[in-house]
Amino acid sequence: FFLAGYIAMILVWANFAYHENSIFTLYTLRGHDIGPPIMPAVGRFFPLGFQEFNLIRRFTDTITGYHAVRIAQLLIFSWVLLILNEDLSIKARAALVILALITPSILTSFSWLIYHEANVLLCIVCLVLFVERFEQTHSLAWAVAAAVCAQIMIYYKETASLLLLGFAVSRLVLRCRNTDERSWDYSRLWDKESRLDLCLALLSVLFWLYYLGVMLPHPNMQYAEDLRRPLAELFLAYIKVDLLALLFVGAVLFRTYLIVRCRVAPSLLWDGLAFGGVACFVAYLGLGISAAAKHYAAPVDLIALLYIGRFAILSAGKMHSWGKLVALVLLVAVVFQDVSLSAFRVFEQKNVIHAKGQIAQIVQARYQNAAGNMRRLFFPFASPYMIMEFASYLEYLGVPVEGGMGEAGGPNSVIVVTRA
């Protein structure tokens with residue numbers, strides 16, 4: 001029932017009028033493929049971005065059809081989360097799924113078409129599942145599936161390569177360290193599990209060699225510079241909108257201390273995943289990207305929820321009463337923050353889509369009634385970028401706009417004007 005309501009929320013009022021959907025109205029909905037997003041001019045390199053829509057456009061041109069991919073990913077994502085953590089009860093696993101889906105960055109990833117984090121999130125949970133199955137069976141098929149997931153993930157988001165590298169290297173370190181004798185056993189590097197981790201680390205290294213080969217001739221980090229914020233402002237933003245990420249880093253540091261002091265035995269799968277999540281978090285801090293940037297923190301938030309949730313549930317019976325009280329207070333704070341921010345983002349998205357759709361329909365009707373004689377639309381309060389996005393949606397509805405797709409336009413084209 002929760003997933004049914006979630007899917008209905010995604011589809012209500014959905015159309016191509018939202019911000020940055022011009023990637024569809026100017027390309028796939030016109031029958032053109034989107035090229036691999038390799039953009040040295042702004043420092044972006046994610047070659048698999050939007051490529052799924054090149055396939056989708058051959059089967060559908062409806063907003064529901066486009067969202068069907070994200071909905072399928074959502075269902076698979078939820079199913080995989082339900083079969084992970086088999087040592088937790090089904091109620092606990094279902095609660096973790098619901099908490100994950102109301103996390104603002106994860107909700108944004110699955111309900112917005114243009115964000116690639118949905119692909120990364122699905123690859124993360126599948127990677128964990130396949131690695132877990134490989135450790136249980138030593139079947140080559142599971143190892144190949146894990147490598148394929150890792151390869152797809154890192155070419156959808158640059159920082160996913162750091163997540164993968166942190167995951168693989170930390171597992172190798174934890175495996176080779178003998179916690180009982182505080183010594184190192186390098187012969188463990190030849191275990192089957194270690195060979196898979198070496199393969200995953202190699203995939204990340206190859207990605208960075210490819211990245212540097214493309215980017216070094218044109219060194220530019222303009223995209224990150226546009227998003228950069230001071231470190232103090234970043235931490236304040238995380239406290240306000242993503243407390244879970246900061247709690248996660250604190251939990252990983254505390255558990256690392258316990259592992260180093262040989263007070264707890266490491267969990268190669270979950271502690272390795274946590275170190276990968278921290279590597280991704282540190283990368284965002286280094287780039288100066290704020291948690292307020294909607295979708296970026298989704299992989300970190302997912303790992304944080306699974307990691308903290310798993311160990312909190314397993315250790316609940318051993319906690320003192322004051323520990324349970326602290327855990328309950330932090331849980332309430334995180335859930336309140338997630339629900340309020342997610343509700344705001346859904347309302348903001350649906351309000352923008354509905355309003356722009358209504359305005360576009362009025363413009364379309366008046367253009368048709370005026371037999372093409374309506375020449376000028378003046379938007380005094382909108383930015384040129386937003387007007388450009390709106391103009392692409394008008395063209396999708398059949399209202400020709402001067403300069404659309406770089407063309408001069410015909411005699412009946414509408415001119416869109418701002419104050420600048």
# chains A, B, ... in the order shown; residues from 1 in each chain; ligands from 1

$ residues_around --residues "Arg177 (chain A)" --least-positions-apart "5" --cutoff "12 Å" --atoms "only C-alpha atoms" --output "list in words"
Ser170, Arg171, Leu172, Arg182, Ser183, Trp184, Asp185, Tyr186, Ser187, Arg188, Leu189, Ile259, Val260, Cys262, Ala265, Pro266 and Leu268 of chain A

$ closest_atom_pairs --of "region 184-292 of chain A" --to "region 118-131 of chain A" --cutoff "10 Å" --atoms "only C-alpha atoms" --output "CSV"
residue,atom,partner,partner_atom,distance
A:Glu193,CA,A:Val131,CA,8.6
A:Leu196,CA,A:Val131,CA,8.6
A:Asp197,CA,A:Val131,CA,9.3
A:Leu269,CA,A:Val128,CA,7.4
A:Trp270,CA,A:Val128,CA,8.6
A:Leu273,CA,A:Val128,CA,8.1

$ residues_around --residues "Gly398 (chain A)" --least-positions-apart "3" --cutoff "12 Å" --atoms "only C-alpha atoms" --output "list of chain:residue names"
A:Thr25, A:Arg30, A:Ala360, A:Gln361, A:Val363, A:Gln364, A:Ala365, A:Tyr367, A:Gln368, A:Gly372, A:Ala391, A:Ser392, A:Tyr393, A:Leu394, A:Glu395, A:Val401, A:Gly404, A:Asn412, A:Ser413, A:Val414

$ write_last_selection --atoms "N, CA and C atoms" --output "mmCIF file, in the first residue's frame"
data_model
loop_
_atom_site.group_PDB
_atom_site.id
_atom_site.type_symbol
_atom_site.label_atom_id
_atom_site.label_comp_id
_atom_site.auth_asym_id
_atom_site.auth_seq_id
_atom_site.Cartn_x
_atom_site.Cartn_y
_atom_site.Cartn_z
ATOM 1 N N THR A 25 12.257 17.414 -24.144
ATOM 2 C CA THR A 25 11.440 18.138 -25.127
ATOM 3 C C THR A 25 12.253 18.588 -26.338
ATOM 4 N N ARG A 30 11.677 14.596 -29.757
ATOM 5 C CA ARG A 30 11.761 14.986 -31.168
ATOM 6 C C ARG A 30 12.392 13.890 -32.025
ATOM 7 N N ALA A 360 1.136 27.100 -19.900
ATOM 8 C CA ALA A 360 1.441 26.659 -21.268
ATOM 9 C C ALA A 360 0.175 26.330 -22.046
ATOM 10 N N GLN A 361 -0.817 25.738 -21.394
ATOM 11 C CA GLN A 361 -2.066 25.420 -22.076
ATOM 12 C C GLN A 361 -2.800 26.688 -22.503
ATOM 13 N N VAL A 363 -1.366 29.632 -23.168
ATOM 14 C CA VAL A 363 -0.596 30.185 -24.285
ATOM 15 C C VAL A 363 -0.895 29.410 -25.566
ATOM 16 N N GLN A 364 -0.944 28.094 -25.465
ATOM 17 C CA GLN A 364 -1.223 27.254 -26.631
ATOM 18 C C GLN A 364 -2.604 27.573 -27.197
ATOM 19 N N ALA A 365 -3.617 27.689 -26.330
ATOM 20 C CA ALA A 365 -4.980 27.968 -26.794
ATOM 21 C C ALA A 365 -5.062 29.335 -27.461
ATOM 22 N N TYR A 367 -2.606 31.023 -28.837
ATOM 23 C CA TYR A 367 -1.831 30.997 -30.081
ATOM 24 C C TYR A 367 -2.670 30.382 -31.210
ATOM 25 N N GLN A 368 -3.365 29.293 -30.901
ATOM 26 C CA GLN A 368 -4.189 28.633 -31.914
ATOM 27 C C GLN A 368 -5.380 29.508 -32.296
ATOM 28 N N GLY A 372 -1.834 32.125 -35.167
ATOM 29 C CA GLY A 372 -0.401 32.381 -35.325
ATOM 30 C C GLY A 372 -0.005 33.828 -35.285
ATOM 31 N N ALA A 391 10.189 27.801 -22.816
ATOM 32 C CA ALA A 391 10.070 27.889 -24.274
ATOM 33 C C ALA A 391 10.203 26.520 -24.919
ATOM 34 N N SER A 392 11.080 25.680 -24.379
ATOM 35 C CA SER A 392 11.218 24.332 -24.943
ATOM 36 C C SER A 392 9.941 23.525 -24.732
ATOM 37 N N TYR A 393 9.260 23.751 -23.601
ATOM 38 C CA TYR A 393 7.991 23.054 -23.359
ATOM 39 C C TYR A 393 6.909 23.564 -24.300
ATOM 40 N N LEU A 394 6.892 24.870 -24.581
ATOM 41 C CA LEU A 394 5.930 25.411 -25.545
ATOM 42 C C LEU A 394 6.126 24.775 -26.919
ATOM 43 N N GLU A 395 7.372 24.632 -27.327
ATOM 44 C CA GLU A 395 7.635 24.007 -28.627
ATOM 45 C C GLU A 395 7.153 22.561 -28.639
ATOM 46 N N VAL A 401 8.741 28.672 -31.217
ATOM 47 C CA VAL A 401 9.394 29.792 -30.520
ATOM 48 C C VAL A 401 10.596 30.236 -31.331
ATOM 49 N N GLY A 404 14.187 28.508 -31.436
ATOM 50 C CA GLY A 404 14.090 27.149 -30.937
ATOM 51 C C GLY A 404 15.029 26.217 -31.682
ATOM 52 N N ASN A 412 5.423 32.713 -38.120
ATOM 53 C CA ASN A 412 4.433 32.660 -37.032
ATOM 54 C C ASN A 412 5.071 32.304 -35.675
ATOM 55 N N SER A 413 6.383 32.344 -35.596
ATOM 56 C CA SER A 413 7.043 31.993 -34.350
ATOM 57 C C SER A 413 6.786 33.064 -33.275
ATOM 58 N N VAL A 414 6.707 32.584 -32.040
ATOM 59 C CA VAL A 414 6.520 33.460 -30.897
ATOM 60 C C VAL A 414 7.872 33.898 -30.382
#

$ residues_around --residues "Leu3 (chain A)" --least-positions-apart "2" --cutoff "9 Å" --atoms "only C-alpha atoms" --output "list in words"
Phe1, Gly5, Tyr6, Ile7, Ala8, Leu74, Leu75, Ser78 and Ile98 of chain A

$ write_last_selection --atoms "N, CA, C and O atoms" --output "mmCIF file, in the first residue's frame"
data_model
loop_
_atom_site.group_PDB
_atom_site.id
_atom_site.type_symbol
_atom_site.label_atom_id
_atom_site.label_comp_id
_atom_site.auth_asym_id
_atom_site.auth_seq_id
_atom_site.Cartn_x
_atom_site.Cartn_y
_atom_site.Cartn_z
ATOM 1 N N PHE A 1 0.835 -1.214 0.000
ATOM 2 C CA PHE A 1 0.000 0.000 0.000
ATOM 3 C C PHE A 1 0.865 1.258 0.000
ATOM 4 O O PHE A 1 0.543 2.246 -0.659
ATOM 5 N N GLY A 5 0.852 4.109 -3.012
ATOM 6 C CA GLY A 5 0.698 5.534 -2.795
ATOM 7 C C GLY A 5 1.890 6.334 -3.287
ATOM 8 O O GLY A 5 1.747 7.432 -3.822
ATOM 9 N N TYR A 6 3.077 5.762 -3.123
ATOM 10 C CA TYR A 6 4.319 6.421 -3.563
ATOM 11 C C TYR A 6 4.321 6.589 -5.079
ATOM 12 O O TYR A 6 4.663 7.652 -5.606
ATOM 13 N N ILE A 7 3.919 5.537 -5.786
ATOM 14 C CA ILE A 7 3.869 5.588 -7.258
ATOM 15 C C ILE A 7 2.810 6.579 -7.724
ATOM 16 O O ILE A 7 3.018 7.342 -8.677
ATOM 17 N N ALA A 8 1.658 6.592 -7.048
ATOM 18 C CA ALA A 8 0.610 7.559 -7.400
ATOM 19 C C ALA A 8 1.114 8.982 -7.207
ATOM 20 O O ALA A 8 0.828 9.875 -8.018
ATOM 21 N N LEU A 74 12.322 1.647 -8.747
ATOM 22 C CA LEU A 74 11.841 1.788 -7.375
ATOM 23 C C LEU A 74 11.390 0.442 -6.813
ATOM 24 O O LEU A 74 11.720 0.078 -5.673
ATOM 25 N N LEU A 75 10.638 -0.325 -7.598
ATOM 26 C CA LEU A 75 10.134 -1.614 -7.133
ATOM 27 C C LEU A 75 11.269 -2.618 -6.931
ATOM 28 O O LEU A 75 11.287 -3.363 -5.939
ATOM 29 N N SER A 78 13.219 -1.609 -3.794
ATOM 30 C CA SER A 78 12.513 -1.976 -2.561
ATOM 31 C C SER A 78 12.582 -3.472 -2.313
ATOM 32 O O SER A 78 12.770 -3.921 -1.168
ATOM 33 N N ILE A 98 10.738 1.837 4.065
ATOM 34 C CA ILE A 98 9.888 3.030 4.139
ATOM 35 C C ILE A 98 10.714 4.255 4.534
ATOM 36 O O ILE A 98 10.574 5.332 3.949
#

$ closest_residue --among "A:Leu331, A:Leu107, A:Ile114, A:Val346" --to "Glu20 (chain A)" --atoms "only C-alpha atoms"
A:Ile114

$ select_by_dssp --residues "region 68-198 of chain A" --states "strand (DSSP E or B)" --output "list in words"
Arg177, Asn178, Ser183 and Trp184 of chain A

$ write_last_selection --atoms "N, CA and C atoms" --output "compact mmCIF listing (two decimals), in the first residue's frame"
# COMPACT_ATOMS: atom_id res chain seq x y z
N ARG A 177 43.67 -7.92 8.07
CA ARG A 177 44.06 -7.62 9.45
C ARG A 177 43.52 -8.68 10.40
N ASN A 178 44.40 -9.28 11.13
CA ASN A 178 44.02 -10.30 12.11
C ASN A 178 43.65 -9.60 13.41
N SER A 183 47.77 -8.44 13.94
CA SER A 183 48.81 -8.62 12.94
C SER A 183 48.16 -8.64 11.56
N TRP A 184 48.97 -8.85 10.53
CA TRP A 184 48.46 -8.82 9.16
C TRP A 184 48.70 -10.17 8.49
